[in-house]
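Q: What follows is query.txt, made up of compact mmCIF, C-alpha atoms and all ligand atoms:
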# COMPACT_ATOMS: atom_id res chain seq x y z
CA MET A 1 90.90 84.00 147.69
CA ALA A 2 87.13 84.05 147.15
CA THR A 3 87.37 87.21 145.04
CA ILE A 4 89.94 85.81 142.60
CA GLN A 5 88.18 82.45 142.39
CA ASP A 6 84.80 84.13 141.77
CA ALA A 7 86.29 86.31 139.03
CA VAL A 8 87.94 83.28 137.39
CA ARG A 9 84.70 81.27 137.56
CA LYS A 10 82.73 84.16 136.06
CA LYS A 11 85.17 84.69 133.18
CA TYR A 12 85.45 81.02 132.20
CA GLY A 13 81.71 80.42 132.69
CA ALA A 14 81.03 83.19 130.16
CA ILE A 15 83.55 81.72 127.71
CA ALA A 16 81.96 78.26 128.01
CA SER A 17 78.50 79.73 127.37
CA SER A 18 79.73 81.58 124.29
CA VAL A 19 81.32 78.41 122.89
CA GLN A 20 78.07 76.54 123.47
CA LYS A 21 76.23 79.25 121.53
CA ALA A 22 78.88 78.81 118.80
CA GLU A 23 80.05 82.39 119.23
CA THR A 24 83.69 83.44 118.96
CA THR A 25 85.78 81.99 121.76
CA GLY A 26 87.71 84.00 124.25
CA CYS A 27 91.22 83.09 125.25
CA CYS A 28 93.49 82.56 128.16
CA GLY A 29 95.26 85.84 127.48
CA PRO A 30 94.36 89.22 128.88
CA SER A 31 92.32 90.33 125.88
CA ALA A 32 89.24 88.44 124.67
CA CYS A 33 90.74 87.68 121.28
CA GLY A 34 90.44 83.98 120.40
CA CYS A 35 92.61 84.09 117.28
CA GLY A 36 96.23 84.91 116.73
CA ASP A 37 96.63 85.12 120.50
CA PRO A 38 100.27 84.65 121.54
CA ILE A 39 99.33 82.32 124.39
CA THR A 40 96.69 79.99 122.97
CA SER A 41 97.43 79.75 119.22
CA ASN A 42 98.82 76.70 117.35
CA LEU A 43 99.11 74.28 120.25
CA TYR A 44 97.67 71.11 118.69
CA SER A 45 98.40 69.24 115.46
CA ASP A 46 95.76 69.00 112.73
CA ALA A 47 95.55 65.26 113.41
CA GLU A 48 94.80 65.87 117.10
CA LYS A 49 92.19 68.54 116.34
CA GLY A 50 90.62 66.47 113.56
CA ALA A 51 89.92 63.61 115.96
CA LEU A 52 87.92 65.76 118.40
CA PRO A 53 84.47 67.44 118.42
CA ASP A 54 84.67 71.02 117.04
CA ALA A 55 83.40 72.49 120.31
CA ALA A 56 86.22 70.84 122.27
CA VAL A 57 88.76 72.46 119.93
CA ALA A 58 86.92 75.80 119.98
CA ALA A 59 86.97 75.82 123.79
CA SER A 60 90.72 75.25 123.99
CA LEU A 61 92.14 77.90 126.32
CA GLY A 62 95.50 76.42 127.17
CA CYS A 63 99.07 77.61 126.72
CA GLY A 64 100.66 74.34 125.61
CA ASN A 65 99.88 70.71 124.89
CA PRO A 66 100.47 68.71 128.08
CA THR A 67 99.38 65.50 126.37
CA ALA A 68 102.36 65.79 124.01
CA LEU A 69 104.60 66.34 127.01
CA ALA A 70 103.35 63.44 129.10
CA LYS A 71 104.24 59.85 128.35
CA LEU A 72 100.88 58.12 128.68
CA GLU A 73 100.48 54.33 128.61
CA PRO A 74 97.40 52.17 128.04
CA GLY A 75 95.68 51.41 131.35
CA GLN A 76 96.93 54.50 133.19
CA THR A 77 94.83 56.89 135.26
CA VAL A 78 95.23 60.55 134.33
CA LEU A 79 93.91 63.69 136.04
CA ASP A 80 93.54 67.04 134.24
CA LEU A 81 93.38 70.01 136.63
CA GLY A 82 91.03 72.73 135.30
CA SER A 83 89.84 70.64 132.38
CA GLY A 84 87.73 73.38 130.73
CA GLY A 85 85.98 72.15 127.57
CA GLY A 86 87.85 68.85 127.87
CA ILE A 87 90.37 68.94 125.00
CA ASP A 88 93.29 67.45 126.96
CA VAL A 89 91.06 64.93 128.73
CA LEU A 90 89.73 63.63 125.40
CA LEU A 91 93.22 63.46 123.84
CA SER A 92 94.55 61.60 126.91
CA ALA A 93 91.59 59.22 126.85
CA LYS A 94 92.64 57.97 123.42
CA ARG A 95 96.17 57.35 124.71
CA VAL A 96 95.25 55.43 127.88
CA GLY A 97 92.62 53.40 126.00
CA PRO A 98 89.60 51.49 127.32
CA THR A 99 91.51 50.00 130.26
CA GLY A 100 92.61 53.47 131.41
CA LYS A 101 90.67 56.34 132.93
CA VAL A 102 90.90 60.12 132.62
CA TYR A 103 89.39 62.53 135.16
CA GLY A 104 88.89 66.23 134.51
CA VAL A 105 88.32 68.51 137.50
CA ASP A 106 86.82 71.96 137.03
CA MET A 107 84.95 74.34 139.33
CA THR A 108 82.86 76.09 136.64
CA ASP A 109 79.43 74.59 135.94
CA GLU A 110 79.25 75.92 132.37
CA MET A 111 82.66 74.38 131.53
CA LEU A 112 81.61 71.03 133.04
CA ALA A 113 78.43 71.06 130.93
CA LEU A 114 80.44 71.84 127.78
CA ALA A 115 83.03 69.15 128.60
CA ARG A 116 80.35 66.50 129.22
CA GLU A 117 78.68 67.40 125.92
CA ASN A 118 82.06 67.07 124.16
CA GLN A 119 82.62 63.71 125.87
CA ARG A 120 79.22 62.55 124.58
CA LYS A 121 80.04 63.70 121.03
CA ALA A 122 83.45 61.99 121.18
CA GLY A 123 81.91 58.78 122.59
CA ALA A 124 84.60 58.62 125.28
CA ALA A 125 83.56 56.02 127.87
CA ASN A 126 86.77 56.12 129.89
CA VAL A 127 86.33 59.77 130.95
CA GLU A 128 84.73 61.46 133.98
CA PHE A 129 84.39 65.18 134.62
CA LEU A 130 84.22 66.03 138.33
CA LYS A 131 83.11 69.29 139.90
CA GLY A 132 85.69 70.58 142.35
CA THR A 133 88.60 72.88 142.90
CA ILE A 134 92.22 72.13 142.20
CA GLU A 135 93.00 73.24 145.77
CA ALA A 136 90.86 70.34 147.11
CA VAL A 137 90.82 67.61 144.45
CA PRO A 138 87.87 65.19 144.79
CA LEU A 139 89.98 62.03 144.35
CA PRO A 140 91.59 59.63 146.87
CA ASP A 141 95.27 59.52 147.84
CA ASN A 142 97.71 57.62 145.58
CA SER A 143 95.13 57.06 142.84
CA VAL A 144 96.58 58.78 139.73
CA ASP A 145 99.54 57.92 137.45
CA VAL A 146 99.87 61.27 135.66
CA VAL A 147 98.57 64.75 136.51
CA ILE A 148 98.29 67.12 133.57
CA SER A 149 97.02 70.71 133.44
CA ASN A 150 96.95 73.44 130.83
CA CYS A 151 97.18 77.06 131.86
CA VAL A 152 95.26 76.72 135.12
CA ILE A 153 97.65 76.61 138.08
CA ASN A 154 98.61 80.25 137.39
CA LEU A 155 94.94 81.12 138.07
CA SER A 156 95.02 79.77 141.63
CA SER A 157 95.63 82.08 144.54
CA ASP A 158 96.87 79.13 146.64
CA LYS A 159 99.44 77.32 144.49
CA ASP A 160 100.99 75.54 147.51
CA ALA A 161 97.63 73.89 148.20
CA VAL A 162 97.34 72.85 144.54
CA LEU A 163 100.80 71.24 144.51
CA ARG A 164 100.14 69.49 147.85
CA GLU A 165 96.95 68.05 146.34
CA VAL A 166 98.79 66.89 143.21
CA PHE A 167 101.35 65.14 145.43
CA ARG A 168 98.60 63.53 147.53
CA VAL A 169 96.61 62.07 144.60
CA LEU A 170 99.66 60.85 142.63
CA LYS A 171 100.82 57.28 143.11
CA PRO A 172 104.47 56.90 144.19
CA GLY A 173 106.55 57.37 141.03
CA GLY A 174 103.63 59.29 139.44
CA ARG A 175 104.29 62.21 137.11
CA PHE A 176 103.31 65.87 137.03
CA ALA A 177 103.38 67.11 133.38
CA VAL A 178 101.88 70.54 133.04
CA SER A 179 101.74 73.55 130.71
CA ASP A 180 101.61 76.88 132.46
CA VAL A 181 102.55 80.53 132.11
CA VAL A 182 105.73 81.47 133.97
CA VAL A 183 107.48 84.75 134.64
CA ARG A 184 111.11 85.35 133.83
CA GLY A 185 112.44 87.82 136.39
CA GLU A 186 110.50 90.37 138.44
CA VAL A 187 106.84 91.15 137.74
CA PRO A 188 105.76 94.78 138.08
CA ALA A 189 103.39 95.21 141.05
CA ASP A 190 100.64 96.75 138.88
CA ILE A 191 100.44 93.51 136.88
CA ARG A 192 100.06 91.49 140.10
CA ARG A 193 97.31 93.84 141.28
CA SER A 194 95.28 93.66 138.07
CA MET A 195 92.37 91.24 138.36
CA LYS A 196 91.97 91.33 134.56
CA LEU A 197 95.55 90.14 134.06
CA TRP A 198 95.16 87.54 136.82
CA VAL A 199 92.09 85.95 135.23
CA GLY A 200 93.90 86.13 131.85
CA CYS A 201 96.67 83.80 133.19
CA ILE A 202 99.32 86.53 133.48
CA GLY A 203 98.97 88.24 136.87
CA GLY A 204 99.12 85.03 138.91
CA ALA A 205 102.00 83.39 137.03
CA LEU A 206 104.92 82.15 139.14
CA GLU A 207 108.53 83.04 138.53
CA GLU A 208 110.47 79.99 137.23
CA SER A 209 112.57 79.46 140.37
CA GLU A 210 109.53 80.03 142.59
CA TYR A 211 107.74 77.20 140.73
CA VAL A 212 110.71 74.89 141.34
CA ALA A 213 110.84 75.83 145.05
CA LYS A 214 107.13 75.21 145.53
CA LEU A 215 107.31 71.81 143.81
CA ARG A 216 110.28 70.85 145.97
CA ALA A 217 108.46 71.99 149.14
CA ALA A 218 105.49 69.81 148.15
CA GLY A 219 107.85 66.79 148.02
CA PHE A 220 108.57 66.41 144.28
CA GLU A 221 111.84 65.35 142.65
CA GLN A 222 113.21 65.45 139.05
CA ILE A 223 111.79 68.96 138.68
CA ASP A 224 112.19 70.74 135.37
CA VAL A 225 110.75 74.05 134.12
CA GLU A 226 111.24 74.54 130.39
CA PRO A 227 109.98 77.79 128.84
CA TRP A 228 109.25 77.09 125.16
CA ARG A 229 107.32 80.12 123.90
CA VAL A 230 108.32 83.57 125.12
CA TYR A 231 105.61 86.19 124.56
CA ASP A 232 107.70 88.71 122.65
CA GLY A 233 106.17 92.15 122.58
CA MET A 234 104.17 91.47 125.74
CA TYR A 235 105.54 93.01 128.95
CA GLU A 236 109.10 93.02 127.57
CA GLY A 237 109.19 89.26 127.04
CA ARG A 238 108.83 88.60 130.77
CA PHE A 239 106.13 85.94 130.31
CA ALA A 240 106.43 82.55 128.64
CA SER A 241 104.57 79.30 128.17
CA ALA A 242 106.50 76.56 129.93
CA PHE A 243 106.42 72.80 130.28
CA ILE A 244 106.75 71.85 133.93
CA ARG A 245 107.65 68.31 134.88
CA ALA A 246 108.21 66.59 138.22
CA ARG A 247 107.90 63.17 139.84
CA LYS A 248 106.55 61.94 143.17
CA PRO A 249 109.39 59.88 144.66
CA LEU A 250 109.12 56.11 145.07
CA PRO A 251 109.12 54.99 148.72
C1 LIG B 1 92.45 78.92 131.00
S1 LIG B 1 91.15 77.75 131.14
C2 LIG B 1 91.98 76.26 130.62
C3 LIG B 1 91.04 75.15 130.27
C4 LIG B 1 91.68 73.89 129.70
N1 LIG B 1 92.73 73.38 130.56
C5 LIG B 1 92.22 74.11 128.29
O1 LIG B 1 93.41 73.93 128.07
O2 LIG B 1 91.44 74.48 127.43
C6 LIG B 1 91.04 77.55 132.90
C7 LIG B 1 90.03 76.51 133.39
O3 LIG B 1 90.35 76.18 134.74
C8 LIG B 1 89.22 76.27 135.56
N2 LIG B 1 89.70 76.69 136.90
C9 LIG B 1 90.38 77.83 137.18
N3 LIG B 1 90.72 77.87 138.47
C10 LIG B 1 90.24 76.72 139.03
C11 LIG B 1 90.26 76.18 140.34
N4 LIG B 1 90.85 76.84 141.35
N5 LIG B 1 89.69 74.98 140.56
C12 LIG B 1 89.08 74.31 139.53
N6 LIG B 1 89.01 74.77 138.27
C13 LIG B 1 89.59 75.96 138.02
C14 LIG B 1 88.30 77.27 134.87
O4 LIG B 1 86.96 77.04 135.20
C15 LIG B 1 88.59 76.98 133.40
O5 LIG B 1 87.76 75.97 132.89
Would you encode the structure as structure tokens?
Ligand SMILES: C[S@@+](CC[C@H](N)C(=O)[O-])C[C@H]1O[C@@H](n2cnc3c(N)ncnc32)[C@H](O)[C@@H]1O

A:
Amino acid sequence: MATIQDAVRKKYGAIASSVQKAETTGCCGPSACGCGDPITSNLYSDAEKGALPDAAVAASLGCGNPTALAKLEPGQTVLDLGSGGGIDVLLSAKRVGPTGKVYGVDMTDEMLALARENQRKAGAANVEFLKGTIEAVPLPDNSVDVVISNCVINLSSDKDAVLREVFRVLKPGGRFAVSDVVVRGEVPADIRRSMKLWVGCIGGALEESEYVAKLRAAGFEQIDVEPWRVYDGMYEGRFASAFIRARKPLP
């Protein structure tokens, strides 16, 4: 586990530093491309991007827009797992308003520094970026209404621990509304073994039914995995961006 986590931290730390130096961004995908990438391109509307600091948009490394997927209400508490430069935290903060609160958790110091700078530029008072891992979330039980995440759970080498933590921090009836890369069918073993593909969000991706089984084992109900962008021309269309939704049952 330490090896994968160290490699992930190193890769995303370097990307955060390059965004801070206003260099070309990297991307979630296996190549360091930043533009025209099949995973990260065209995820947010012009209106959403226009309302955020440029560096928050430039640091976007997701594979979907979980804030469009999640129904957020004023006053709610939201948690973004692997918040990166903070794009989804800042978008959610506008939706939950001054009576709500949005936490971003990330393990990479450079990303936290970038996110806090973006928060300052956006003037978002209802936001807090916490240092921690998504396998051991630094928040109390039953404290969050909605957990979002954008292309991060695939990077974890202990996805069961992540989903157990999501279940623990959600309030009863709370929602999991996540964008992630999923696999459709079998993944060749050489892809699984490649650290480069793992840190690029591909190697660690779960198969659709595996995702459902893990969510069910963690205690979730109303589980839905909806692939919406298949990466044609990449590993025979085996990989896709998906919206993943689930609910923590009421007592
Ligand atoms: C692909 S980027 C996505 C960032 C952001 N969600 C976005 O959409 O732009 C992955 C982020 O997750 C963080 N991350 C990866 N694995 C993590 C873990 N196990 N615990 C905490 N943060 C993690 C990385 O530091 C990085 O900021």

Q: Using all atoms listed in the file, pick whichever of A:Glu135, A:Asp141, A:Glu210, A:Asp224 has the shortest atom-to-atom distance to ligand LIG 1 (chain B).

A: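 The answer is A:Glu135, which sits nearest to ligand LIG 1 (chain B).
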
Q: Quote the spacing between atom CA of A:Glu221 and atom CA of A:Val96 in Å to one decimal place.

A: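 Going from atom CA of A:Glu221 over to atom CA of A:Val96 covers 24.3 Å.
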
Q: Might you pull out every residue within 12 Å of A:Gly204, with only C-alpha atoms counted and same-chain residues fewer than 6 positions away left off, and present them as a count of residues only?

A: 31

Q: Between A:Leu91, A:Ala16, A:Ala136, A:Trp228, which residue has the minimum interatomic distance to A:Ser45, considering only C-alpha atoms?

A: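 Once distances to A:Ser45 are computed over only C-alpha atoms, the minimum belongs to A:Leu91.
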
Q: Have a look at atom CA of A:Ala240 and atom CA of A:Cys63 and let me know their distance in Å, one decimal.

A: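 Separating atom CA of A:Ala240 from atom CA of A:Cys63 is a distance of 9.1 Å.
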
Q: Go through the chains and note each residue within 8 Å of ligand LIG 1 (chain B), using only C-alpha atoms and all ligand atoms, then give the set as JSON, numbers by chain.

A: {"A": [5, 8, 9, 12, 13, 16, 27, 28, 59, 60, 61, 62, 63, 64, 65, 80, 81, 82, 83, 84, 85, 86, 87, 88, 105, 106, 107, 108, 109, 111, 112, 131, 132, 133, 134, 135, 149, 150, 151, 152, 153, 155, 156, 157, 200, 201]}

Q: Output C-alpha atoms for every residue in that selection, as a PDB file, in the frame of the given file.

A:
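Wrote it out as again-v1.pdb, contents follow:
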ATOM      1  CA  GLN A   5      88.180  82.450 142.390  1.00  0.00           C
ATOM      2  CA  VAL A   8      87.940  83.280 137.390  1.00  0.00           C
ATOM      3  CA  ARG A   9      84.700  81.270 137.560  1.00  0.00           C
ATOM      4  CA  TYR A  12      85.450  81.020 132.200  1.00  0.00           C
ATOM      5  CA  GLY A  13      81.710  80.420 132.690  1.00  0.00           C
ATOM      6  CA  ALA A  16      81.960  78.260 128.010  1.00  0.00           C
ATOM      7  CA  CYS A  27      91.220  83.090 125.250  1.00  0.00           C
ATOM      8  CA  CYS A  28      93.490  82.560 128.160  1.00  0.00           C
ATOM      9  CA  ALA A  59      86.970  75.820 123.790  1.00  0.00           C
ATOM     10  CA  SER A  60      90.720  75.250 123.990  1.00  0.00           C
ATOM     11  CA  LEU A  61      92.140  77.900 126.320  1.00  0.00           C
ATOM     12  CA  GLY A  62      95.500  76.420 127.170  1.00  0.00           C
ATOM     13  CA  CYS A  63      99.070  77.610 126.720  1.00  0.00           C
ATOM     14  CA  GLY A  64     100.660  74.340 125.610  1.00  0.00           C
ATOM     15  CA  ASN A  65      99.880  70.710 124.890  1.00  0.00           C
ATOM     16  CA  ASP A  80      93.540  67.040 134.240  1.00  0.00           C
ATOM     17  CA  LEU A  81      93.380  70.010 136.630  1.00  0.00           C
ATOM     18  CA  GLY A  82      91.030  72.730 135.300  1.00  0.00           C
ATOM     19  CA  SER A  83      89.840  70.640 132.380  1.00  0.00           C
ATOM     20  CA  GLY A  84      87.730  73.380 130.730  1.00  0.00           C
ATOM     21  CA  GLY A  85      85.980  72.150 127.570  1.00  0.00           C
ATOM     22  CA  GLY A  86      87.850  68.850 127.870  1.00  0.00           C
ATOM     23  CA  ILE A  87      90.370  68.940 125.000  1.00  0.00           C
ATOM     24  CA  ASP A  88      93.290  67.450 126.960  1.00  0.00           C
ATOM     25  CA  VAL A 105      88.320  68.510 137.500  1.00  0.00           C
ATOM     26  CA  ASP A 106      86.820  71.960 137.030  1.00  0.00           C
ATOM     27  CA  MET A 107      84.950  74.340 139.330  1.00  0.00           C
ATOM     28  CA  THR A 108      82.860  76.090 136.640  1.00  0.00           C
ATOM     29  CA  ASP A 109      79.430  74.590 135.940  1.00  0.00           C
ATOM     30  CA  MET A 111      82.660  74.380 131.530  1.00  0.00           C
ATOM     31  CA  LEU A 112      81.610  71.030 133.040  1.00  0.00           C
ATOM     32  CA  LYS A 131      83.110  69.290 139.900  1.00  0.00           C
ATOM     33  CA  GLY A 132      85.690  70.580 142.350  1.00  0.00           C
ATOM     34  CA  THR A 133      88.600  72.880 142.900  1.00  0.00           C
ATOM     35  CA  ILE A 134      92.220  72.130 142.200  1.00  0.00           C
ATOM     36  CA  GLU A 135      93.000  73.240 145.770  1.00  0.00           C
ATOM     37  CA  SER A 149      97.020  70.710 133.440  1.00  0.00           C
ATOM     38  CA  ASN A 150      96.950  73.440 130.830  1.00  0.00           C
ATOM     39  CA  CYS A 151      97.180  77.060 131.860  1.00  0.00           C
ATOM     40  CA  VAL A 152      95.260  76.720 135.120  1.00  0.00           C
ATOM     41  CA  ILE A 153      97.650  76.610 138.080  1.00  0.00           C
ATOM     42  CA  LEU A 155      94.940  81.120 138.070  1.00  0.00           C
ATOM     43  CA  SER A 156      95.020  79.770 141.630  1.00  0.00           C
ATOM     44  CA  SER A 157      95.630  82.080 144.540  1.00  0.00           C
ATOM     45  CA  GLY A 200      93.900  86.130 131.850  1.00  0.00           C
ATOM     46  CA  CYS A 201      96.670  83.800 133.190  1.00  0.00           C
TER      47      CYS A 201
END

Q: Extract, using only C-alpha atoms, all DNA, RNA and protein residues at most 7 Å from stretch 116-121 of chain A, discarding same-chain residues fewer than 5 positions from it, and format them as a list of chain:residue names.

A: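 These residues fall inside the cut-off: A:Pro53, A:Ala55, A:Ala56, A:Phe129.
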
Q: May I ask which of the residues A:Ser179, A:Leu130, A:Glu207, A:Leu215 is the closest one to A:Val162, counting all atoms listed in the file?

A: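 Closest residue, counting all atoms listed in the file: A:Leu215.
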
Q: For atom CA of A:Val57 and atom CA of A:Asn42, determine how far apart the two atoms are, in Å to one decimal place.

A: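 Those two atoms sit 11.2 Å apart.
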
Q: So which one's closest to A:Thr77, A:Arg164, A:Gly50, A:Asp6, A:Lys171? Using only C-alpha atoms, please.

A: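 Checking each candidate against A:Thr77, we get A:Lys171 as the closest.
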